[in-house]
Amino acid sequence: MPASQNYEAFFRRSIDDRDAFWAEQAQGVDWHQPYDRVCNYDRPPFARWFEGGQTNLCHNAVDRHLKDRAEQNALIFVSTETNVEKAYSFRELHEEVQRFAAIYQALGVKKGDRVLIYMPMIAEACFAMLAAVRLGAVHTVVFGGFASHALASRIDDATPTVIVSADAGMRGGKVVPYKHLLDEAIELAAHKPASVVMVNRGLADLAPVAGRDVDYATLRAQYLDTPVPCEWVDSTHPSYILYTSGTTGKPKGVQRDTGGYCVALAASMKHIYQGEPGETFFSTSDIGWVVGHSYIIYGPLINGMATIMYEGLPTRPDAGIWWSLVEKYKVSVMFSAPTAARVLKKQDPAYLTKYDLSSLKALFLAGEPLDEPTATWMADAIKKPIIDNYWQTETGWPIMAICNGVEPAPTRFGSPGKAVYGFDVRLIDEVTGEEITEPGKKGVIAAEGPLPPGCLQTIWGDDARYVKTYWSSIHGRTMYSTFDWGVKDADGYFFILGRTDDVINVAGHRLGTREIEESISSHANVAEVAVVGMADQLKGQVAVAFVVLKDASRAVDAASAREQELEIMKTVDEQLGAVARPAMVRFVGTLPKTRSGKLLRRAIQAVCEGRDPGDLTTMDDPAALQQIKDQLA
Ligand code: ATP
Ligand code: MG
C-alpha cells in the first residue's frame, strides 16, 4: 500500500469491503490449506475468520523464514539480572523449538491440550510458547511472579496437561523463587497437571516432586535431533488463552484463534509498527501480557524480524540500558509502556542521548493513558516520534493508532490516534444507547461486530460470559464494549478518558478521574498521579489525589506539603474548574499498580472508603497500598 494512500479510504474499505480487504492482508501469511470464507459472521457476535483455512503460528513465526534468513538473529535474550546475553538465529530457534516440542510429545501433549507457562523472561519461555502452538496445543502464559492463589485459579480455569516453569526469576538483583509458589498453586488447585517441566537456572531451590517434575535440560539432551513437524490446524483453532490484567476485577480468559491472529499481526507490522524483515524489534513488556504475546514473540517473528527479550529493570545498571541495546542491535522499532517512560522521566535525560539511536524509527507506548508531559519529555529526550496506541488483551492488537504505514499522520500528544482499520469504532451514549457523532462529546468506546481478525474468539470455556460481558452492556445494542470512555475530535482523533467504572459523581457532576489526573500531571513537579472518588456525605463523592513528586523534598513537612497541595489544586481549578478540584492531595513514594504497570484505582478507592480492597493478586507492590493507608491516617 503506497504511503500516499489516503487513510480514510483505506479504513473505509476495511469496513465496507471487509472480506476483500482482509483477503489482501491474509496474503502476508503462509496457508497450508487455503480458506474458503474470509469471515463467517452467521452467528453474531462469534466471528470465524478465514474459515476452512489451515495454518500454524509457529510455521509462520519460524519455519518459513529458514529459506531466506536462517542465519539471521531471531531471538535475542538479554538479562541484566544474570548478565546473560545470547542471540539465536532462526535456524537455532527452529532447533530449540523442535526440542521443546519433542519434550511435550514425550509428556503426552496433544493438539488442543493446554500447556501453562509460568516463567520469567528467559529464552526457554519463548521456546515453550512456540513449541506449544507448533503441536496445536493451547498455551496459557501466566505472568511469572504472580503468587500461588492467582496461579491456582488460572490452573483450574485452563486445566493444563503440562506446566512449564523455572526455579526463579530475578528483579532488581533479587532472586524471586517460583518453585514453592508453583507447588502451592498446584496444591491449591483442584486440577492437577500430569507433568511439570522445570528449567533450572541455578538461582533457587528446586526440590522436584517425584513422578511429576521433570528436568528440562535432561530431556532436551535426549531430543537434540528429533524433528517435530508443525501440526496444521484450522484457522479457528485456539492458539492461546491469556487472562486480562485484572485491573477492574476477576481476570477473564481471553481465547485467541490461529489464522486471524496471524493475519492481524502481520498486517499490523506493515501498517502500524513499520518494522521490516531483517530489522530488530524491542518490546520492553513481559510475555505474561498481551503486548508480550503479540509484540515480543509473534508479531516480530512472523514478520521475519529479530526480537529482544529483556529481563531486568529499565534503570539497571543505569537508565541508559535500553538505549544501549537499541544501539547494539540496531533496533528499528521499540515498544514500551507509559509507566516505564515515567520511571525514566525521574532519571537524568542524558542517559537517553548517550547512545546512537539512528536505527530507531519510533517508540510506541501503550497500556495506559500517555499523559502529554511524559510524551513531550520522551520525545525531547530521544528525538524520535512517540506513538501512543490503544488496545486491550481482548483485541490482541491496536484499536486506535497512527497508521504510519498507510498515511504518515501527525501524532497528537494525548491522543492514541484514529480508529484502526477493521475496527468499526463508535462512541455511544451510555444512557440512551445512541451514537455520538458530535466532536468533543464523551461516550463509551464501542465497536460494531464483527471484530476484525486477531481479537478474542470468546472467553475460554464460557461463551455465555463472553456475550454477556462484552456484547450486552450497552443499552439496547449488540455492540462490543471496551469499557473505556473516549471523545473524538473533528479530525477523527480519539482521546481516552479512562474506564467506565472510573467515573465519579461530585455534587451531580460526572467527572472522569482520568481528566483530573491529566490536569494534575501538567504540574511541573508531578511525576505520577492517581485520582479516585471517595464517598462524601455532602457531595456524594469527592476526588482524592495521590501524587508522586519528581522532587519529593518539596513536600517534606506539613507546611511544604500543604503548599504543594494548594499549588496542585490551583492547577486543576485553572484547567478544569473548581468542581473538579480534589478534596485532598496526598504525597506518596509509589502508587499501587498491577504487575503490568496499570494503576489500581479500585484498590485505592476501597482503602479511601475503608473497605476491603478485594482481590489483590495482580498487585505489584503491597507496600504501595500501605503508603496510601498511612497518608489517610
Ligand atoms: P481487566 O480487564 O482484567 O480489568 P485491564 O483492562 O487492565 O484488566 P488489559 O487488557 O491489559 O487489562 O488493559 C486494557 C486497558 O488498558 C484498556 O481497556 C484501557 O483502559 C487501557 N489502555 C490500554 N492502552 C491505552 C492507551 N494507549 N491509552 C489509554 N488507556 C489505555
Ligand atoms: Mg479490561
# chains A, B, ... in the order shown; residues from 1 in each chain; ligands from 1
>>> residues_near_ligand(ligand="ligand 2", cutoff="8 Å", atoms="only C-alpha atoms and all ligand atoms", output="number ranges by chain")
A: 244-248, 392-394, 482-483
>>> residues_near_ligand(ligand="ligand 1", cutoff="9 Å", atoms="only C-alpha atoms and all ligand atoms", output="number ranges by chain")
A: 243-252, 289-291, 337-338, 365-371, 388-396, 398, 400-401, 414-416, 482-485, 495-500, 594, 596-600
>>> residues_around(residues="region 557-561 of chain A", least_positions_apart="6", cutoff="9 Å", atoms="only C-alpha atoms", output="compact mmCIF listing (two decimals) with all heavy atoms, in the first residue's frame")
# COMPACT_ATOMS: atom_id res chain seq x y z
N VAL A 585 -4.99 16.32 48.39
CA VAL A 585 -3.88 15.81 47.60
C VAL A 585 -2.86 15.27 48.59
O VAL A 585 -2.45 15.98 49.50
CB VAL A 585 -3.23 16.93 46.75
CG1 VAL A 585 -2.10 16.37 45.91
CG2 VAL A 585 -4.28 17.60 45.86
N ARG A 586 -2.52 14.01 48.45
CA ARG A 586 -1.55 13.39 49.37
C ARG A 586 -0.34 12.91 48.59
O ARG A 586 -0.45 12.54 47.43
CB ARG A 586 -2.20 12.20 50.10
CG ARG A 586 -3.31 12.61 51.07
CD ARG A 586 -2.70 13.31 52.30
NE ARG A 586 -3.73 13.79 53.21
CZ ARG A 586 -4.25 15.02 53.20
NH1 ARG A 586 -3.85 15.91 52.28
NH2 ARG A 586 -5.16 15.37 54.07
N PHE A 587 0.81 12.92 49.27
CA PHE A 587 2.05 12.58 48.58
C PHE A 587 2.58 11.23 49.02
O PHE A 587 2.67 10.95 50.22
CB PHE A 587 3.08 13.69 48.79
CG PHE A 587 2.55 15.01 48.32
CD1 PHE A 587 2.06 15.95 49.22
CD2 PHE A 587 2.47 15.27 46.97
CE1 PHE A 587 1.51 17.14 48.78
CE2 PHE A 587 1.92 16.47 46.50
CZ PHE A 587 1.44 17.41 47.42
>>> residues_around(residues="region 70-79 of chain A", least_positions_apart="6", cutoff="8 Å", atoms="only C-alpha atoms", output="ChimeraX atom specification")
/A:85-91,93,122-123,278,301,304-312
>>> closest_residue(among="A:Ala267, A:Gln575, A:Gly253, A:Ile504", to="Arg465 (chain A)", atoms="only C-alpha atoms")
A:Gly253
>>> select_by_dssp(residues="region 334-484 of chain A", states="alpha helix (DSSP H)", output="VMD selection string")
chain A and resid 338 to 345 350 to 353 372 to 382 463 to 471
>>> write_last_selection(atoms="C-alpha atoms", output="compact mmCIF listing (two decimals), in the first residue's frame")
# COMPACT_ATOMS: atom_id res chain seq x y z
CA PRO A 338 3.88 4.92 29.76
CA THR A 339 4.70 3.61 33.23
CA ALA A 340 8.26 2.84 32.08
CA ALA A 341 8.53 6.26 30.46
CA ARG A 342 7.54 7.83 33.76
CA VAL A 343 10.23 5.84 35.55
CA LEU A 344 12.80 7.15 33.10
CA LYS A 345 11.45 10.67 33.48
CA ALA A 350 21.44 12.47 29.46
CA TYR A 351 21.22 8.65 29.70
CA LEU A 352 18.83 8.64 26.79
CA THR A 353 21.11 10.50 24.44
CA GLU A 372 1.17 14.84 27.40
CA PRO A 373 4.06 15.93 29.68
CA THR A 374 5.52 12.41 29.63
CA ALA A 375 5.14 12.14 25.86
CA THR A 376 6.78 15.51 25.33
CA TRP A 377 9.58 14.73 27.74
CA MET A 378 10.28 11.44 25.99
CA ALA A 379 10.18 12.98 22.52
CA ASP A 380 12.59 15.71 23.59
CA ALA A 381 14.92 13.20 25.22
CA ILE A 382 15.24 10.73 22.33
CA ASP A 463 -19.39 -18.37 25.59
CA ALA A 464 -22.27 -17.04 27.65
CA ARG A 465 -19.97 -14.86 29.75
CA TYR A 466 -18.35 -13.58 26.56
CA VAL A 467 -21.68 -12.48 25.12
CA LYS A 468 -22.95 -11.09 28.38
CA THR A 469 -19.78 -9.23 29.35
CA TYR A 470 -18.75 -7.65 26.08
CA TRP A 471 -21.81 -7.56 23.84
>>> select_by_dssp(residues="region 404-437 of chain A", states="strand (DSSP E or B)", output="PyMOL selection string")
chain A and resi 417-419+425-428+435
